[in-house]
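See below for coords.cif, which holds mmCIF, C-alpha atoms.
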```cif
data_query
#
loop_
_atom_site.label_atom_id
_atom_site.label_comp_id
_atom_site.auth_asym_id
_atom_site.auth_seq_id
_atom_site.Cartn_x
_atom_site.Cartn_y
_atom_site.Cartn_z
CA MET A 3 25.85 18.24 9.58
CA SER A 4 23.92 15.10 10.49
CA THR A 5 25.20 11.57 10.04
CA TRP A 6 24.40 10.47 6.52
CA ARG A 7 23.40 6.81 6.16
CA ALA A 8 23.50 4.31 3.32
CA LEU A 9 22.50 0.68 3.15
CA PRO A 10 25.63 -1.49 3.36
CA ILE A 11 26.95 -2.18 -0.15
CA GLY A 12 26.74 -5.97 0.15
CA GLN A 13 23.22 -5.80 1.50
CA ALA A 14 22.16 -3.61 -1.44
CA ALA A 15 23.69 -6.07 -3.92
CA ASP A 16 21.94 -8.98 -2.19
CA LEU A 17 18.65 -7.07 -2.27
CA ALA A 18 19.05 -6.36 -6.00
CA GLY A 19 19.78 -10.04 -6.60
CA GLU A 20 16.75 -11.15 -4.61
CA LEU A 21 14.51 -8.69 -6.44
CA HIS A 22 15.91 -9.78 -9.81
CA THR A 23 14.93 -13.40 -9.14
CA LEU A 24 11.69 -12.65 -7.29
CA ASP A 25 8.95 -14.99 -8.48
CA TRP A 26 5.50 -13.96 -7.29
CA SER A 27 1.97 -13.15 -8.44
CA TRP A 28 2.49 -9.36 -8.88
CA SER A 29 -0.94 -9.00 -7.27
CA MET A 30 -1.43 -6.13 -4.83
CA HIS A 31 -3.17 -8.67 -2.57
CA ASP A 32 0.25 -10.31 -2.07
CA ALA A 33 2.19 -7.09 -1.40
CA HIS A 34 2.12 -7.71 2.36
CA THR A 35 3.81 -11.08 1.76
CA ILE A 36 6.66 -9.38 -0.10
CA ALA A 37 7.05 -6.77 2.65
CA GLU A 38 7.13 -9.53 5.24
CA GLN A 39 9.59 -11.63 3.20
CA PHE A 40 12.07 -8.74 3.06
CA GLY A 41 11.50 -7.58 6.64
CA TRP A 42 9.96 -4.23 5.72
CA THR A 43 7.38 -2.50 7.91
CA GLU A 44 4.08 -1.52 6.30
CA ILE A 45 3.17 2.06 7.17
CA SER A 46 -0.05 2.32 5.16
CA GLN A 47 -1.90 0.39 2.51
CA ARG A 48 -4.16 1.79 -0.17
CA PRO A 49 -5.53 0.14 -3.32
CA ARG A 50 -2.72 1.58 -5.49
CA ARG A 51 0.13 1.91 -2.98
CA VAL A 52 1.71 0.32 0.06
CA THR A 53 4.01 2.68 1.94
CA LEU A 54 6.95 0.99 3.66
CA ASP A 55 9.72 1.68 6.10
CA ILE A 56 12.71 -0.32 4.90
CA GLY A 57 15.06 1.22 7.44
CA PHE A 58 15.28 4.88 6.45
CA GLY A 59 11.99 5.91 8.01
CA PRO A 60 8.38 6.09 6.81
CA ASP A 61 8.05 6.28 3.04
CA SER A 62 11.52 4.83 2.41
CA GLY A 63 9.85 2.17 0.30
CA THR A 64 6.74 1.92 -1.82
CA ILE A 65 4.93 -0.84 -3.66
CA ARG A 66 2.84 0.71 -6.45
CA ALA A 67 -0.01 -0.89 -8.39
CA LYS A 68 -2.49 -0.26 -11.16
CA ASN A 69 -5.75 -2.20 -11.43
CA GLY A 70 -4.65 -4.50 -8.62
CA GLN A 71 -1.37 -5.48 -10.30
CA VAL A 72 1.93 -4.28 -8.86
CA THR A 73 3.92 -2.15 -11.30
CA SER A 74 6.93 -1.28 -9.13
CA ILE A 75 8.76 -1.68 -5.86
CA GLU A 76 10.75 1.45 -4.93
CA LEU A 77 13.42 1.32 -2.22
CA GLN A 78 15.55 4.11 -0.78
CA LEU A 79 19.19 3.00 -0.36
CA THR A 80 20.54 6.21 1.20
CA ASP A 81 19.37 9.08 3.35
CA PHE A 82 18.44 12.25 1.54
CA THR A 83 21.29 14.72 1.42
CA ASP A 84 21.93 18.43 1.27
CA ALA A 85 24.30 20.19 -1.11
CA PRO A 86 27.50 19.69 0.96
CA GLU A 87 26.97 15.91 0.94
CA LYS A 88 26.11 15.40 -2.74
CA ILE A 89 29.49 13.75 -3.35
CA GLU A 90 28.38 11.03 -0.93
CA VAL A 91 25.36 10.27 -3.15
CA ALA A 92 27.57 9.98 -6.24
CA THR A 93 30.08 7.79 -4.41
CA ALA A 94 27.35 5.57 -2.97
CA PHE A 95 25.77 5.20 -6.42
CA ASP A 96 29.12 4.17 -7.93
CA ASN A 97 29.72 1.66 -5.12
CA PHE A 98 26.20 0.24 -5.36
CA GLY A 99 26.54 0.02 -9.15
CA ALA A 100 29.79 -1.94 -8.90
CA ALA A 101 28.38 -4.31 -6.27
CA VAL A 102 25.13 -4.94 -8.12
CA SER A 103 27.08 -5.48 -11.36
CA ALA A 104 29.26 -8.04 -9.59
CA ARG A 105 26.08 -9.82 -8.53
CA LEU A 106 23.90 -9.47 -11.69
CA GLY A 107 26.45 -8.82 -14.42
CA LYS A 108 26.95 -5.76 -16.55
CA PRO A 109 23.86 -3.50 -16.71
CA THR A 110 21.75 -4.16 -19.79
CA VAL A 111 21.12 -0.40 -20.12
CA ARG A 112 22.69 2.76 -18.73
CA VAL A 113 20.50 5.85 -18.91
CA ALA A 114 22.11 9.26 -18.72
CA GLY A 115 20.08 12.27 -17.81
CA PRO A 116 19.06 14.21 -14.78
CA PHE A 117 18.74 10.91 -12.87
CA LEU A 118 21.48 8.47 -13.84
CA GLN A 119 20.22 4.87 -14.05
CA TYR A 120 21.70 1.42 -14.43
CA ARG A 121 19.21 -1.26 -15.47
CA TRP A 122 19.33 -5.04 -15.32
CA ALA A 123 16.50 -6.45 -17.44
CA GLY A 124 14.66 -9.63 -16.55
CA ALA A 125 11.90 -11.55 -18.30
CA GLU A 126 9.02 -9.72 -16.55
CA ALA A 127 10.70 -6.90 -14.66
CA THR A 128 13.84 -4.82 -14.53
CA VAL A 129 16.02 -3.91 -11.57
CA VAL A 130 16.89 -0.21 -11.74
CA LEU A 131 19.54 1.57 -9.68
CA GLU A 132 18.96 5.32 -9.81
CA ARG A 133 20.93 8.31 -8.55
CA SER A 134 18.56 11.17 -7.89
CA ALA A 135 19.67 14.65 -6.93
CA ALA A 136 19.54 13.83 -3.22
CA SER A 137 19.63 10.04 -2.75
CA VAL A 138 20.06 6.61 -4.33
CA TRP A 139 17.09 4.33 -5.07
CA LEU A 140 16.63 0.71 -6.13
CA TYR A 141 13.53 -0.28 -8.10
CA LEU A 142 11.96 -3.42 -9.42
CA ILE A 143 9.71 -2.24 -12.26
CA THR A 144 7.62 -4.32 -14.62
CA ASN A 145 8.94 -4.10 -18.15
CA ALA A 146 5.57 -2.78 -19.35
CA ARG A 147 5.62 0.07 -16.77
CA LEU A 148 9.25 0.90 -17.57
CA ALA A 149 8.53 1.02 -21.31
CA ALA A 150 5.55 3.33 -20.68
CA ASP A 151 7.67 5.59 -18.44
CA ASP A 152 10.44 5.77 -21.06
CA ARG A 153 7.89 6.56 -23.78
CA ASN A 154 6.39 9.35 -21.65
CA ILE A 155 9.82 10.87 -21.00
CA GLU A 156 10.57 10.77 -24.72
CA LEU A 157 7.25 12.48 -25.53
CA ASP A 158 7.95 15.15 -22.89
CA GLU A 159 11.37 15.77 -24.40
CA GLN A 160 9.89 16.04 -27.88
CA ALA A 161 7.27 18.51 -26.67
CA CYS A 162 9.98 20.51 -24.91
CA CYS A 163 12.12 20.62 -28.03
CA ASP A 164 9.19 21.51 -30.29
CA ARG A 165 8.69 24.69 -28.24
CA ARG A 166 12.32 25.82 -28.43
CA PRO A 167 13.20 28.77 -30.64
CA ALA A 168 14.85 27.85 -33.93
CA GLY A 169 18.59 27.35 -33.53
CA SER A 170 18.37 26.91 -29.75
CA ASP A 171 19.81 23.82 -28.14
CA ILE A 172 18.40 24.56 -24.69
CA GLY A 173 16.70 21.43 -23.42
CA ALA A 174 18.24 19.22 -26.08
CA ARG A 175 19.42 15.85 -24.83
CA ARG A 176 23.14 15.33 -25.19
CA PRO A 177 24.63 11.91 -25.83
CA PRO A 178 26.45 10.44 -22.78
#
```
Will you turn the file into structure tokens for me?
Amino acid sequence: MSTWRALPIGQAADLAGELHTLDWSWSMHDAHTIAEQFGWTEISQRPRRVTLDIGFGPDSGTIRAKNGQVTSIELQLTDFTDAPEKIEVATAFDNFGAAVSARLGKPTVRVAGPFLQYRWAGAEATVVLERSAASVWLYLITNARLAADDRNIELDEQACCDRRPAGSDIGARRPP
């Protein structure tokens, strides 16, 4: 088993706080300035994406854009893990969640599902802490992009449920 790494809890909370109060143009032309401000290394830059190394290797961070406007900043807070280490992901998520909550207050939204999320809404963007199957991620997502993503997930779930046989609850979303 390799050594599994996670961003220090305090550093993750500070990062979430800095992202939550980030005031910038949201222009892809300024993405390099954000990477430089946070000390991230740019790996590649394309019109719709800047790939970053934030300390967990190439592609551990991404700045995404549409029509020249940034829609999200995605940051890996832990190494990816294999099945024997999944408890470490859950524990790290819980610790990050507590630390970010101490910094930003109680999450405005908690989303259950295959990828558990805590969200702290801001005027233009929302900080999202997400536990995936194999790692923990921190996002800054514009509220418009987040609303569109949520709408698309809801439509996918409706389409899934419309195809289920009558009386089946397979694929039905359960309340948390």
Query raised in the report: Nearest to Thr83 (chain A) among A:Thr5, A:Ser137, A:Thr23, A:Gln160, with distances taken over only C-alpha atoms: which residue is it?
Result: A:Ser137
Residue IDs satisfying the PyMOL selection byres ((chain A and resi 71) around 6), as a short mmCIF file (atom, residue, chain, number, x, y, z; two decimals) with C-alpha atoms, in the coordinates of the input:
```
data_model
loop_
_atom_site.label_atom_id
_atom_site.label_comp_id
_atom_site.auth_asym_id
_atom_site.auth_seq_id
_atom_site.Cartn_x
_atom_site.Cartn_y
_atom_site.Cartn_z
CA TRP A 28 2.49 -9.36 -8.88
CA SER A 29 -0.94 -9.00 -7.27
CA MET A 30 -1.43 -6.13 -4.83
CA ALA A 67 -0.01 -0.89 -8.39
CA LYS A 68 -2.49 -0.26 -11.16
CA ASN A 69 -5.75 -2.20 -11.43
CA GLY A 70 -4.65 -4.50 -8.62
CA VAL A 72 1.93 -4.28 -8.86
#
```
Report task. List the neighbours of region 88-90 of chain A out to 9 Å using all atoms listed in the file; skip same-chain residues closer than 6 positions along the sequence, and give me the result as a ChimeraX atom specification. Result -> /A:6,135-137
Requested in this report: Evaluate the PyMOL selection byres ((chain A and resi 93-102) around 7) on the structure here and hand back the selected residues as a PyMOL selection string.
Outcome: chain A and resi 11-12+14-15+18+89-92+103-106+133+138
On this file, the PyMOL selection byres ((chain A and resi 78) around 10) gives some set of residues; write that set as a PDB file with C-alpha atoms, in the coordinates of the input.
```
ATOM      1  CA  ALA A   8      23.500   4.310   3.320  1.00  0.00           C
ATOM      2  CA  LEU A   9      22.500   0.680   3.150  1.00  0.00           C
ATOM      3  CA  ASP A  55       9.720   1.680   6.100  1.00  0.00           C
ATOM      4  CA  ILE A  56      12.710  -0.320   4.900  1.00  0.00           C
ATOM      5  CA  GLY A  57      15.060   1.220   7.440  1.00  0.00           C
ATOM      6  CA  PHE A  58      15.280   4.880   6.450  1.00  0.00           C
ATOM      7  CA  GLY A  59      11.990   5.910   8.010  1.00  0.00           C
ATOM      8  CA  ASP A  61       8.050   6.280   3.040  1.00  0.00           C
ATOM      9  CA  SER A  62      11.520   4.830   2.410  1.00  0.00           C
ATOM     10  CA  GLY A  63       9.850   2.170   0.300  1.00  0.00           C
ATOM     11  CA  THR A  64       6.740   1.920  -1.820  1.00  0.00           C
ATOM     12  CA  GLU A  76      10.750   1.450  -4.930  1.00  0.00           C
ATOM     13  CA  LEU A  77      13.420   1.320  -2.220  1.00  0.00           C
ATOM     14  CA  LEU A  79      19.190   3.000  -0.360  1.00  0.00           C
ATOM     15  CA  THR A  80      20.540   6.210   1.200  1.00  0.00           C
ATOM     16  CA  ASP A  81      19.370   9.080   3.350  1.00  0.00           C
ATOM     17  CA  PHE A  82      18.440  12.250   1.540  1.00  0.00           C
ATOM     18  CA  GLU A 132      18.960   5.320  -9.810  1.00  0.00           C
ATOM     19  CA  SER A 137      19.630  10.040  -2.750  1.00  0.00           C
ATOM     20  CA  VAL A 138      20.060   6.610  -4.330  1.00  0.00           C
ATOM     21  CA  TRP A 139      17.090   4.330  -5.070  1.00  0.00           C
ATOM     22  CA  LEU A 140      16.630   0.710  -6.130  1.00  0.00           C
ATOM     23  CA  TYR A 141      13.530  -0.280  -8.100  1.00  0.00           C
TER      24      TYR A 141
END
```
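One finds CA of Val113 (chain A) at 19.9 Å from CA of Ala161 (chain A).
Distance check against Ser27 (chain A) using all atoms listed in the file: of A:Leu131, A:Thr73, A:Gly124, A:Glu44, the minimum falls on A:Thr73.
Within a radius of 10 Å around (20.1, -7.3, -18.4), the polymer residues are His22, Leu106, Gly107, Lys108, Pro109, Thr110, Val111, Tyr120, Arg121, Trp122, Ala123, Gly124, Ala125, Thr128 and Val129 of chain A, counting only C-alpha atoms.
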Report task. Using all atoms listed in the file, find the one residue out of A:Ser134, A:Ser46, A:Gln39, A:Asn145 that sits nearest to Leu24 (chain A). Result ->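 The answer is A:Gln39, which sits nearest to Leu24 (chain A).
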Requested in this report: Report the distance between CA of Ile143 (chain A) and CA of Arg66 (chain A) in Å, rounded to one decimal place.
Outcome: 9.5 Å
Query raised in the report: Any idea what the distance is between CA of Ala127 (chain A) and CA of Ala146 (chain A)?
Result: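 Between CA of Ala127 (chain A) and CA of Ala146 (chain A) the gap is 8.1 Å.
Nearest to Ile75 (chain A) of all the residues A:Thr43, A:Thr53, A:Gln119, A:Gln13 is A:Thr53, based on only C-alpha atoms.
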Report summary line: Closest of A:Leu118, A:Leu142, A:Ile65, A:Leu54 to His31 (chain A), counting only C-alpha atoms, is A:Ile65
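Compared by their closest atoms to Leu21 (chain A), and using only C-alpha atoms, the residues A:Arg147, A:Val130, A:Arg112, A:Glu156 rank with A:Val130 nearest.
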Test item: write region 17-52 of chain A with N, CA, C and O atoms as an mmCIF file, in the first residue's frame:
```cif
data_model
loop_
_atom_site.group_PDB
_atom_site.id
_atom_site.type_symbol
_atom_site.label_atom_id
_atom_site.label_comp_id
_atom_site.auth_asym_id
_atom_site.auth_seq_id
_atom_site.Cartn_x
_atom_site.Cartn_y
_atom_site.Cartn_z
ATOM 1 N N LEU A 17 -8.012 27.600 2.150
ATOM 2 C CA LEU A 17 -8.249 27.645 0.710
ATOM 3 C C LEU A 17 -9.727 27.878 0.416
ATOM 4 O O LEU A 17 -10.088 28.717 -0.419
ATOM 5 N N ALA A 18 -10.600 27.165 1.112
ATOM 6 C CA ALA A 18 -12.046 27.356 0.927
ATOM 7 C C ALA A 18 -12.445 28.790 1.261
ATOM 8 O O ALA A 18 -13.243 29.409 0.542
ATOM 9 N N GLY A 19 -11.878 29.328 2.339
ATOM 10 C CA GLY A 19 -12.183 30.705 2.718
ATOM 11 C C GLY A 19 -11.709 31.707 1.682
ATOM 12 O O GLY A 19 -12.428 32.659 1.348
ATOM 13 N N GLU A 20 -10.507 31.487 1.148
ATOM 14 C CA GLU A 20 -9.982 32.382 0.118
ATOM 15 C C GLU A 20 -10.807 32.299 -1.160
ATOM 16 O O GLU A 20 -11.078 33.321 -1.800
ATOM 17 N N LEU A 21 -11.215 31.096 -1.532
ATOM 18 C CA LEU A 21 -12.057 30.945 -2.722
ATOM 19 C C LEU A 21 -13.410 31.612 -2.516
ATOM 20 O O LEU A 21 -13.946 32.260 -3.420
ATOM 21 N N HIS A 22 -13.968 31.466 -1.314
ATOM 22 C CA HIS A 22 -15.293 32.019 -1.019
ATOM 23 C C HIS A 22 -15.319 33.536 -1.141
ATOM 24 O O HIS A 22 -16.342 34.119 -1.517
ATOM 25 N N THR A 23 -14.191 34.174 -0.840
ATOM 26 C CA THR A 23 -14.134 35.645 -0.899
ATOM 27 C C THR A 23 -13.390 36.152 -2.129
ATOM 28 O O THR A 23 -13.146 37.353 -2.243
ATOM 29 N N LEU A 24 -13.055 35.259 -3.050
ATOM 30 C CA LEU A 24 -12.305 35.634 -4.243
ATOM 31 C C LEU A 24 -13.099 36.639 -5.079
ATOM 32 O O LEU A 24 -14.246 36.403 -5.423
ATOM 33 N N ASP A 25 -12.472 37.761 -5.362
ATOM 34 C CA ASP A 25 -13.105 38.813 -6.160
ATOM 35 C C ASP A 25 -12.233 39.012 -7.399
ATOM 36 O O ASP A 25 -11.108 39.521 -7.299
ATOM 37 N N TRP A 26 -12.746 38.593 -8.549
ATOM 38 C CA TRP A 26 -11.961 38.693 -9.772
ATOM 39 C C TRP A 26 -12.890 38.775 -10.963
ATOM 40 O O TRP A 26 -14.114 38.728 -10.824
ATOM 41 N N SER A 27 -12.324 38.871 -12.144
ATOM 42 C CA SER A 27 -13.105 39.111 -13.365
ATOM 43 C C SER A 27 -13.877 37.893 -13.866
ATOM 44 O O SER A 27 -14.800 38.041 -14.642
ATOM 45 N N TRP A 28 -13.491 36.687 -13.482
ATOM 46 C CA TRP A 28 -14.054 35.437 -13.979
ATOM 47 C C TRP A 28 -13.757 35.249 -15.465
ATOM 48 O O TRP A 28 -14.347 34.407 -16.116
ATOM 49 N N SER A 29 -12.819 36.013 -15.994
ATOM 50 C CA SER A 29 -12.406 35.884 -17.388
ATOM 51 C C SER A 29 -11.301 34.833 -17.489
ATOM 52 O O SER A 29 -10.374 34.816 -16.677
ATOM 53 N N MET A 30 -11.372 33.998 -18.518
ATOM 54 C CA MET A 30 -10.343 32.989 -18.727
ATOM 55 C C MET A 30 -8.986 33.651 -18.963
ATOM 56 O O MET A 30 -7.954 33.065 -18.655
ATOM 57 N N HIS A 31 -8.981 34.877 -19.458
ATOM 58 C CA HIS A 31 -7.727 35.599 -19.666
ATOM 59 C C HIS A 31 -6.992 35.843 -18.349
ATOM 60 O O HIS A 31 -5.776 36.018 -18.339
ATOM 61 N N ASP A 32 -7.713 35.850 -17.234
ATOM 62 C CA ASP A 32 -7.116 36.090 -15.925
ATOM 63 C C ASP A 32 -6.862 34.812 -15.134
ATOM 64 O O ASP A 32 -6.437 34.877 -13.979
ATOM 65 N N ALA A 33 -7.098 33.661 -15.742
ATOM 66 C CA ALA A 33 -6.926 32.383 -15.028
ATOM 67 C C ALA A 33 -5.490 32.204 -14.544
ATOM 68 O O ALA A 33 -5.260 31.703 -13.434
ATOM 69 N N HIS A 34 -4.516 32.624 -15.365
ATOM 70 C CA HIS A 34 -3.111 32.492 -14.952
ATOM 71 C C HIS A 34 -2.823 33.296 -13.696
ATOM 72 O O HIS A 34 -2.013 32.904 -12.866
ATOM 73 N N THR A 35 -3.503 34.435 -13.535
ATOM 74 C CA THR A 35 -3.322 35.266 -12.343
ATOM 75 C C THR A 35 -3.808 34.534 -11.096
ATOM 76 O O THR A 35 -3.163 34.582 -10.045
ATOM 77 N N ILE A 36 -4.931 33.832 -11.225
ATOM 78 C CA ILE A 36 -5.467 33.063 -10.093
ATOM 79 C C ILE A 36 -4.517 31.920 -9.750
ATOM 80 O O ILE A 36 -4.202 31.692 -8.578
ATOM 81 N N ALA A 37 -4.040 31.212 -10.766
ATOM 82 C CA ALA A 37 -3.090 30.116 -10.520
ATOM 83 C C ALA A 37 -1.848 30.643 -9.815
ATOM 84 O O ALA A 37 -1.374 30.044 -8.838
ATOM 85 N N GLU A 38 -1.351 31.758 -10.271
ATOM 86 C CA GLU A 38 -0.160 32.360 -9.664
ATOM 87 C C GLU A 38 -0.445 32.802 -8.231
ATOM 88 O O GLU A 38 0.368 32.581 -7.331
ATOM 89 N N GLN A 39 -1.600 33.417 -8.005
ATOM 90 C CA GLN A 39 -1.977 33.901 -6.672
ATOM 91 C C GLN A 39 -1.995 32.763 -5.650
ATOM 92 O O GLN A 39 -1.586 32.943 -4.507
ATOM 93 N N PHE A 40 -2.453 31.584 -6.067
ATOM 94 C CA PHE A 40 -2.562 30.451 -5.152
ATOM 95 C C PHE A 40 -1.324 29.547 -5.174
ATOM 96 O O PHE A 40 -1.275 28.569 -4.436
ATOM 97 N N GLY A 41 -0.367 29.850 -6.033
ATOM 98 C CA GLY A 41 0.851 29.051 -6.079
ATOM 99 C C GLY A 41 0.717 27.738 -6.824
ATOM 100 O O GLY A 41 1.490 26.808 -6.599
ATOM 101 N N TRP A 42 -0.239 27.661 -7.743
ATOM 102 C CA TRP A 42 -0.458 26.449 -8.523
ATOM 103 C C TRP A 42 0.378 26.513 -9.797
ATOM 104 O O TRP A 42 0.600 27.582 -10.352
ATOM 105 N N THR A 43 0.784 25.357 -10.297
ATOM 106 C CA THR A 43 1.562 25.274 -11.522
ATOM 107 C C THR A 43 0.640 24.969 -12.696
ATOM 108 O O THR A 43 -0.118 24.005 -12.647
ATOM 109 N N GLU A 44 0.717 25.792 -13.736
ATOM 110 C CA GLU A 44 -0.067 25.535 -14.947
ATOM 111 C C GLU A 44 0.604 24.428 -15.754
ATOM 112 O O GLU A 44 1.779 24.518 -16.073
ATOM 113 N N ILE A 45 -0.148 23.401 -16.081
ATOM 114 C CA ILE A 45 0.354 22.290 -16.879
ATOM 115 C C ILE A 45 0.042 22.526 -18.352
ATOM 116 O O ILE A 45 0.881 22.340 -19.217
ATOM 117 N N SER A 46 -1.189 22.938 -18.634
ATOM 118 C CA SER A 46 -1.580 23.254 -20.011
ATOM 119 C C SER A 46 -2.714 24.266 -19.980
ATOM 120 O O SER A 46 -3.435 24.376 -18.990
ATOM 121 N N GLN A 47 -2.830 24.992 -21.084
ATOM 122 C CA GLN A 47 -3.906 25.977 -21.184
ATOM 123 C C GLN A 47 -4.557 25.849 -22.541
ATOM 124 O O GLN A 47 -3.879 25.836 -23.570
ATOM 125 N N ARG A 48 -5.868 25.725 -22.507
ATOM 126 C CA ARG A 48 -6.685 25.676 -23.722
ATOM 127 C C ARG A 48 -7.794 26.713 -23.562
ATOM 128 O O ARG A 48 -8.029 27.195 -22.454
ATOM 129 N N PRO A 49 -8.518 27.025 -24.616
ATOM 130 C CA PRO A 49 -9.555 28.056 -24.504
ATOM 131 C C PRO A 49 -10.614 27.771 -23.435
ATOM 132 O O PRO A 49 -11.138 28.695 -22.828
ATOM 133 N N ARG A 50 -10.910 26.490 -23.185
ATOM 134 C CA ARG A 50 -11.968 26.155 -22.217
ATOM 135 C C ARG A 50 -11.452 25.522 -20.935
ATOM 136 O O ARG A 50 -12.237 25.193 -20.057
ATOM 137 N N ARG A 51 -10.101 25.372 -20.811
ATOM 138 C CA ARG A 51 -9.605 24.677 -19.627
ATOM 139 C C ARG A 51 -8.131 24.993 -19.384
ATOM 140 O O ARG A 51 -7.330 24.986 -20.306
ATOM 141 N N VAL A 52 -7.815 25.234 -18.124
ATOM 142 C CA VAL A 52 -6.428 25.315 -17.681
ATOM 143 C C VAL A 52 -6.226 24.145 -16.740
ATOM 144 O O VAL A 52 -6.969 23.986 -15.764
#
```
